[in-house]
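Q: File follows, input_9.txt with compact mmCIF, C-alpha atoms:
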# COMPACT_ATOMS: atom_id res chain seq x y z
CA MET A 1 6.91 30.31 -12.69
CA ASN A 2 10.35 28.71 -12.38
CA THR A 3 10.73 24.94 -12.10
CA THR A 4 11.47 24.90 -8.36
CA LEU A 5 8.51 27.10 -7.44
CA LYS A 6 6.21 25.11 -9.73
CA ARG A 7 7.30 21.86 -8.08
CA ILE A 8 6.70 23.28 -4.57
CA SER A 9 3.27 24.52 -5.65
CA LEU A 10 2.33 21.14 -7.09
CA LEU A 11 3.51 19.32 -3.97
CA SER A 12 1.40 21.65 -1.82
CA LEU A 13 -1.67 20.99 -3.96
CA LEU A 14 -1.01 17.26 -3.85
CA ALA A 15 -0.71 17.28 -0.07
CA MET A 16 -4.11 18.97 0.18
CA ALA A 17 -5.77 16.80 -2.47
CA LEU A 18 -4.37 13.44 -1.39
CA PRO A 19 -4.21 13.32 2.40
CA ALA A 20 -3.33 10.22 4.38
CA GLN A 21 -6.07 7.68 3.77
CA ALA A 22 -9.16 8.31 5.92
CA HIS A 23 -10.51 5.08 4.46
CA LYS A 24 -7.84 2.39 4.76
CA LEU A 25 -7.16 -0.12 1.98
CA TRP A 26 -6.05 -3.50 3.27
CA LEU A 27 -5.52 -7.21 2.69
CA LEU A 28 -6.14 -9.59 5.59
CA PRO A 29 -5.17 -13.29 5.35
CA SER A 30 -6.92 -15.88 7.51
CA HIS A 31 -3.48 -17.25 8.46
CA THR A 32 -0.01 -15.72 8.12
CA SER A 33 1.97 -18.85 9.03
CA VAL A 34 1.03 -22.53 8.67
CA SER A 35 2.94 -25.76 9.22
CA GLU A 36 1.28 -27.98 6.59
CA PRO A 37 0.21 -27.41 2.96
CA GLN A 38 -3.25 -25.85 2.86
CA TRP A 39 -5.38 -23.03 1.51
CA VAL A 40 -5.61 -19.62 3.14
CA THR A 41 -8.38 -17.11 2.53
CA VAL A 42 -7.65 -13.41 2.04
CA ASP A 43 -10.09 -10.52 2.48
CA ALA A 44 -9.63 -7.19 0.64
CA SER A 45 -11.63 -4.19 1.76
CA ILE A 46 -11.71 -0.41 2.23
CA SER A 47 -12.86 0.84 5.62
CA ASN A 48 -12.57 3.49 8.30
CA ASP A 49 -12.12 0.90 11.04
CA ILE A 50 -8.98 -1.18 10.54
CA PHE A 51 -9.82 -4.72 9.35
CA ALA A 52 -13.59 -4.21 9.61
CA VAL A 53 -15.07 -4.84 6.17
CA GLU A 54 -16.92 -1.91 4.64
CA ARG A 55 -16.45 -1.65 0.87
CA ALA A 56 -14.97 -4.24 -1.50
CA TYR A 57 -11.50 -3.53 -2.91
CA PRO A 58 -11.05 -4.55 -6.59
CA LEU A 59 -8.58 -7.33 -7.37
CA ASP A 60 -7.87 -6.57 -11.04
CA TYR A 61 -4.13 -6.23 -10.36
CA LEU A 62 -3.77 -9.06 -7.84
CA GLN A 63 -0.42 -10.89 -7.95
CA VAL A 64 0.45 -13.81 -5.68
CA THR A 65 4.07 -14.94 -5.95
CA GLY A 66 5.24 -18.21 -4.44
CA PRO A 67 8.59 -19.08 -2.82
CA ASP A 68 9.95 -20.17 -6.22
CA GLY A 69 9.17 -16.79 -7.79
CA GLN A 70 6.32 -18.22 -9.83
CA ALA A 71 2.64 -17.29 -9.69
CA ALA A 72 0.85 -19.23 -6.96
CA THR A 73 -2.54 -20.86 -7.42
CA VAL A 74 -5.43 -18.51 -6.64
CA GLU A 75 -9.06 -19.59 -6.71
CA ASN A 76 -12.54 -18.38 -5.79
CA LEU A 77 -12.04 -14.68 -6.50
CA LEU A 78 -15.21 -12.87 -5.53
CA LYS A 79 -16.07 -9.20 -5.27
CA GLY A 80 -18.94 -8.72 -2.84
CA HIS A 81 -20.58 -5.57 -1.55
CA ARG A 82 -18.46 -5.30 1.59
CA ARG A 83 -15.27 -7.12 0.66
CA SER A 84 -13.43 -9.01 -2.03
CA VAL A 85 -12.12 -12.45 -1.18
CA PHE A 86 -9.90 -15.15 -2.68
CA ASP A 87 -8.10 -18.36 -1.72
CA VAL A 88 -4.35 -19.03 -2.08
CA ASN A 89 -2.92 -22.54 -2.21
CA LEU A 90 0.20 -22.87 -0.04
CA ASP A 91 1.61 -26.03 -1.59
CA LYS A 92 5.35 -25.27 -1.51
CA PRO A 93 7.41 -24.53 1.62
CA GLY A 94 8.38 -20.89 2.03
CA SER A 95 6.88 -17.40 1.86
CA TYR A 96 4.23 -16.04 -0.52
CA ARG A 97 3.89 -12.37 -1.44
CA ILE A 98 0.24 -11.35 -1.91
CA ALA A 99 0.04 -7.93 -3.55
CA VAL A 100 -2.20 -5.59 -5.50
CA ALA A 101 0.01 -3.12 -7.37
CA ASN A 102 -2.53 -0.62 -8.60
CA PRO A 103 -1.65 2.15 -11.09
CA GLY A 104 -3.89 5.11 -11.79
CA TYR A 105 -4.24 8.88 -12.19
CA PHE A 106 -5.62 11.74 -10.15
CA LEU A 107 -6.64 14.91 -11.96
CA MET A 108 -7.09 18.32 -10.31
CA TYR A 109 -8.42 21.42 -12.02
CA GLN A 110 -10.56 24.51 -11.47
CA VAL A 111 -13.81 25.58 -13.11
CA ASN A 112 -15.03 29.11 -12.39
CA GLY A 113 -12.77 29.28 -9.38
CA GLU A 114 -13.96 25.99 -7.84
CA ARG A 115 -11.51 23.10 -7.44
CA GLN A 116 -12.56 19.86 -9.11
CA ARG A 117 -11.11 16.35 -8.96
CA ALA A 118 -11.31 13.17 -10.99
CA ARG A 119 -9.74 9.72 -10.77
CA GLY A 120 -9.23 7.02 -13.35
CA MET A 121 -6.92 4.48 -14.94
CA ASP A 122 -6.57 6.20 -18.33
CA ALA A 123 -4.81 9.59 -18.36
CA ASP A 124 -5.85 10.39 -21.93
CA LYS A 125 -9.51 9.75 -21.12
CA LEU A 126 -9.37 11.93 -18.00
CA LEU A 127 -7.78 14.78 -19.94
CA ALA A 128 -10.23 14.39 -22.84
CA GLU A 129 -13.17 14.75 -20.45
CA LEU A 130 -11.92 18.03 -18.99
CA PRO A 131 -14.42 20.89 -19.30
CA LYS A 132 -13.40 23.38 -21.96
CA ASN A 133 -13.13 26.15 -19.38
CA ALA A 134 -10.95 24.14 -16.98
CA SER A 135 -7.86 25.89 -15.62
CA ASP A 136 -4.95 25.08 -13.30
CA VAL A 137 -4.90 21.49 -14.52
CA THR A 138 -2.61 19.07 -12.67
CA LEU A 139 -2.32 15.38 -13.55
CA ILE A 140 -0.85 13.10 -10.90
CA GLU A 141 0.41 9.60 -11.61
CA VAL A 142 -0.47 7.30 -8.69
CA HIS A 143 1.30 4.03 -7.88
CA SER A 144 0.02 2.12 -4.84
CA ARG A 145 1.15 -1.26 -3.52
CA LEU A 146 -1.15 -3.21 -1.20
CA GLU A 147 0.69 -6.16 0.31
CA THR A 148 0.82 -8.97 2.85
CA VAL A 149 2.98 -12.10 3.23
CA VAL A 150 2.07 -15.63 4.33
CA THR A 151 4.38 -18.59 4.94
CA LEU A 152 4.27 -22.38 4.83
CA GLY A 153 6.91 -23.81 7.16
CA ALA A 154 10.11 -21.79 7.56
CA PRO A 155 10.09 -18.19 6.24
CA THR A 156 12.06 -17.45 3.08
CA PRO A 157 13.29 -14.04 1.83
CA ILE A 158 10.92 -11.72 -0.03
CA ALA A 159 12.94 -9.99 -2.75
CA PRO A 160 12.01 -6.39 -3.66
CA THR A 161 10.60 -5.88 -7.14
CA GLY A 162 12.46 -2.60 -7.72
CA LYS A 163 9.22 -0.90 -8.76
CA GLY A 164 7.43 1.87 -6.90
CA MET A 165 7.40 2.06 -3.10
CA GLU A 166 7.99 -1.16 -1.20
CA LEU A 167 9.66 -2.66 1.85
CA GLU A 168 12.87 -4.63 1.95
CA MET A 169 11.92 -6.87 4.85
CA LEU A 170 15.22 -7.56 6.59
CA THR A 171 13.22 -8.88 9.52
CA HIS A 172 10.79 -11.35 7.99
CA PRO A 173 7.15 -10.20 8.26
CA ASN A 174 6.09 -13.66 9.48
CA ASP A 175 8.66 -13.60 12.28
CA LEU A 176 7.42 -10.65 14.35
CA TYR A 177 6.96 -10.75 18.14
CA ALA A 178 5.66 -8.29 20.72
CA GLY A 179 8.45 -6.33 22.41
CA GLU A 180 10.98 -7.03 19.66
CA THR A 181 12.33 -4.54 17.11
CA SER A 182 12.09 -5.16 13.37
CA GLN A 183 14.44 -3.69 10.78
CA TRP A 184 13.00 -2.83 7.39
CA ARG A 185 14.25 -0.66 4.54
CA LEU A 186 11.83 1.55 2.63
CA LEU A 187 12.57 1.62 -1.10
CA VAL A 188 11.43 3.66 -4.07
CA ASP A 189 12.26 2.07 -7.43
CA GLY A 190 14.73 -0.20 -5.64
CA LYS A 191 16.66 2.61 -3.92
CA PRO A 192 16.50 3.69 -0.25
CA ALA A 193 13.76 6.24 0.46
CA THR A 194 14.93 8.68 3.13
CA GLY A 195 12.82 10.84 5.42
CA VAL A 196 9.54 9.08 4.64
CA ALA A 197 6.97 8.60 7.41
CA MET A 198 5.33 5.22 7.97
CA GLU A 199 2.18 5.08 10.06
CA LEU A 200 1.39 1.90 12.01
CA VAL A 201 -2.04 1.12 13.42
CA PRO A 202 -3.06 -2.00 15.37
CA GLY A 203 -6.31 -3.59 14.26
CA GLY A 204 -9.53 -3.35 16.21
CA THR A 205 -9.89 0.42 16.08
CA ARG A 206 -13.67 0.03 16.24
CA TYR A 207 -13.38 -1.16 19.84
CA ARG A 208 -11.27 1.65 21.32
CA ASP A 209 -11.46 5.42 21.59
CA SER A 210 -7.98 6.12 20.17
CA GLN A 211 -6.23 4.85 17.06
CA ASP A 212 -3.13 3.86 19.11
CA ASN A 213 -1.15 4.66 15.97
CA TRP A 214 2.41 5.87 15.78
CA THR A 215 4.85 6.97 13.10
CA VAL A 216 8.44 6.06 12.27
CA ILE A 217 10.65 7.95 9.81
CA SER A 218 13.10 6.27 7.44
CA ASP A 219 16.72 7.33 8.06
CA ASP A 220 19.37 8.33 5.53
CA LYS A 221 19.68 4.69 4.45
CA GLY A 222 15.94 4.17 4.20
CA MET A 223 15.90 2.11 7.40
CA LEU A 224 12.86 1.80 9.64
CA SER A 225 13.24 0.46 13.19
CA ILE A 226 9.89 -0.67 14.56
CA THR A 227 9.33 -1.94 18.11
CA TRP A 228 6.02 -3.79 18.39
CA PRO A 229 4.13 -2.81 21.56
CA ALA A 230 1.74 -5.77 21.63
CA ALA A 231 0.59 -8.83 19.76
CA ALA A 232 -1.93 -7.84 17.09
CA ARG A 233 -2.48 -7.45 13.37
CA TYR A 234 -1.06 -4.12 12.20
CA TYR A 235 -1.85 -1.85 9.28
CA LEU A 236 1.12 -0.04 7.67
CA GLU A 237 0.98 3.04 5.44
CA ALA A 238 3.69 5.17 3.83
CA ALA A 239 3.57 7.66 0.97
CA SER A 240 5.77 10.11 -0.91
CA THR A 241 5.75 12.23 -4.05
CA ASP A 242 8.33 12.97 -6.73
CA ASP A 243 8.56 14.04 -10.37
CA LYS A 244 9.74 10.69 -11.82
CA VAL A 245 6.65 10.10 -13.92
CA ARG A 246 6.36 7.43 -16.60
CA ASN A 247 3.67 9.31 -18.50
CA PRO A 248 5.06 12.60 -19.86
CA LYS A 249 1.61 14.15 -19.52
CA ALA A 250 1.73 13.77 -15.72
CA ASP A 251 3.10 16.53 -13.49
CA GLN A 252 3.87 14.49 -10.37
CA ARG A 253 4.07 10.92 -9.13
CA ARG A 254 2.38 9.75 -5.94
CA LEU A 255 3.80 6.56 -4.37
CA GLN A 256 2.06 4.61 -1.64
CA TYR A 257 2.76 1.42 0.31
CA LEU A 258 -0.02 -0.25 2.33
CA GLY A 259 0.70 -3.44 4.26
CA THR A 260 -0.65 -5.89 6.81
CA VAL A 261 1.48 -7.87 9.27
CA GLU A 262 0.73 -10.07 12.26
CA VAL A 263 2.72 -9.74 15.49
CA LEU A 264 2.64 -12.71 17.86
CA PRO A 265 3.10 -12.85 21.65
CA MET A 266 6.51 -13.88 22.95
Written as structure tokens, how would this file's structure read?
A:
Amino acid sequence: MNTTLKRISLLSLLAMALPAQAHKLWLLPSHTSVSEPQWVTVDASISNDIFAVERAYPLDYLQVTGPDGQAATVENLLKGHRRSVFDVNLDKPGSYRIAVANPGYFLMYQVNGERQRARGMDADKLLAELPKNASDVTLIEVHSRLETVVTLGAPTPIAPTGKGMELEMLTHPNDLYAGETSQWRLLVDGKPATGVAMELVPGGTRYRDSQDNWTVISDDKGMLSITWPAAARYYLEAASTDDKVRNPKADQRRLQYLGTVEVLPM
């Protein structure tokens, strides 16, 4: 099979194996903007209903970066049955990036004609545990970024890290209002990501019959123009695939950005 056909085949398999998240992964801060130094509490969970706790999300790769670029103070990390939770000390004026940048691997293979799947953090371990009669083996490198931003006082810029999929927030995420349009740039490894779909879902899906979600597509400069229909907390999700793997044993790379923002009434 030539390289182009192999890549198309792998992308097709990946699309079937890794659909848009049925269970959503999210971070939800108790406050997104405060006027005085204080602690905020953040929930982390995985659920079908947006922002309704269901299954705790692990915080092994939690990073909270303060306005000065240094690690902020985090206390009281707890993984419960339904959610994980932690407190962040907002003691310096400006904006804090709260993120879980989670690496991992997804393995697909067939045994006696039946498709099998496995997930894990260690590619070598996953490959070593393959059945001897496994065929059509595909190893996918997965990079997901789970993110939200909170601010003490006036918002300050959130600089991109240049790693994986992320948003360059030209409109500050703590300065969003119903009826206004935000301008963000979607990046992959610090460069504009074109033609990538971002899904947006307002919270409270448990209490309505429809998701009320919509999708925007990044343009040729990676730009996303988002008009907020109403005040609410919103879940954001975007994903793409490419062949820029770090591990030479991997066949493809899956990139994912998952975010939470709060939109206020005018």
Q: For stretch 147-166 of chain A, what centre and edge lengths in Å (one decimal) does the axis-aligned box get once 3 Å is added on each side of all its listed atoms, as JSON?
A:
{"center_x": 7.0, "center_y": -10.9, "center_z": -0.6, "size_x": 18.6, "size_y": 31.9, "size_z": 22.3}
Q: Quick check, in Å to one decimal: how far apart do atom CA of A:Met108 and atom CA of A:Leu130 lie?
A: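 One can read the atom CA of A:Met108 to atom CA of A:Leu130 distance as 9.9 Å.
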Q: State, in Å with one decimal place, the distance from atom CA of A:Ala71 to atom CA of A:Arg97.
A: 9.7 Å
Q: Between A:Glu141, A:Asp68, A:Glu166, A:Glu129, which residue has the minimum interatomic distance to A:Lys92, considering all atoms listed in the file?
A: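 When distances to A:Lys92 are compared using all atoms listed in the file, the smallest one comes from A:Asp68.
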Q: I want to know what sits within 12 Å of A:Glu168, based on only C-alpha atoms, with residues of the same chain fewer than 4 positions away left out; could you give that as a PyMOL selection string?
A: chain A and resi 157-163+172-173+182-193+221-224+257
Q: Measure the distance from atom CA of A:Ala118 to atom CA of A:His81 in Å and round it to one decimal.
A: 22.9 Å
Q: With distances taken over all atoms listed in the file, which residue among A:Gln211, A:Thr41, A:Gln110, A:Thr151 lies nearest A:Val74?
A: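 Ranked by minimum distance to A:Val74, first place goes to A:Thr41.
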Q: Just the residues within 12 Å of A:Lys125, please, counting all atoms listed in the file, with nothing from its chain fewer than 4 positions along; format it as JSON, numbers by chain.
A: {"A": [104, 105, 106, 107, 118, 119, 120, 121, 129, 130, 139]}
Q: Write the residues of the selection above to a file with C-alpha atoms, as a short mmCIF file (atom, residue, chain, number, x, y, z; two decimals), in the coordinates of the input.
A:
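Written file, part33.cif:
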data_model
loop_
_atom_site.label_atom_id
_atom_site.label_comp_id
_atom_site.auth_asym_id
_atom_site.auth_seq_id
_atom_site.Cartn_x
_atom_site.Cartn_y
_atom_site.Cartn_z
CA GLY A 104 -3.89 5.11 -11.79
CA TYR A 105 -4.24 8.88 -12.19
CA PHE A 106 -5.62 11.74 -10.15
CA LEU A 107 -6.64 14.91 -11.96
CA ALA A 118 -11.31 13.17 -10.99
CA ARG A 119 -9.74 9.72 -10.77
CA GLY A 120 -9.23 7.02 -13.35
CA MET A 121 -6.92 4.48 -14.94
CA GLU A 129 -13.17 14.75 -20.45
CA LEU A 130 -11.92 18.03 -18.99
CA LEU A 139 -2.32 15.38 -13.55
#
Q: List every residue of stretch 47-129 of chain A that has an atom at most 7 Å from any atom of stretch 25-39 of chain A, giving for each one its closest atom pair and the distance in Å to one decimal, counting only C-alpha atoms, sorted by chain and then by ascending residue number, as CSV.
A:
residue,atom,partner,partner_atom,distance
A:Ser47,CA,A:Leu25,CA,6.8
A:Asp87,CA,A:Trp39,CA,6.3
A:Val88,CA,A:Trp39,CA,5.5
A:Asn89,CA,A:Trp39,CA,4.5
A:Leu90,CA,A:Gln38,CA,5.4
A:Asp91,CA,A:Pro37,CA,5.0
Q: Got time to write the residues from that selection, C-alpha atoms, as an mmCIF file, in the coordinates of the input?
A:
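And here is the file that came out, selection_21.cif:
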data_model
loop_
_atom_site.group_PDB
_atom_site.id
_atom_site.type_symbol
_atom_site.label_atom_id
_atom_site.label_comp_id
_atom_site.auth_asym_id
_atom_site.auth_seq_id
_atom_site.Cartn_x
_atom_site.Cartn_y
_atom_site.Cartn_z
ATOM 1 C CA SER A 47 -12.860 0.840 5.620
ATOM 2 C CA ASP A 87 -8.100 -18.360 -1.720
ATOM 3 C CA VAL A 88 -4.350 -19.030 -2.080
ATOM 4 C CA ASN A 89 -2.920 -22.540 -2.210
ATOM 5 C CA LEU A 90 0.200 -22.870 -0.040
ATOM 6 C CA ASP A 91 1.610 -26.030 -1.590
#
Q: Choose the residue, out of A:Tyr61, A:Phe51, A:Tyr109, A:Tyr96, that has the smallest atom-to-atom separation from A:Arg82; count all atoms listed in the file.
A: A:Phe51
Q: Which residue out of A:Ala123, A:Val142, A:Ala134, A:Ala128 has the minimum interatomic distance to A:Val111 when only C-alpha atoms are used?
A: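 When distances to A:Val111 are compared using only C-alpha atoms, the smallest one comes from A:Ala134.
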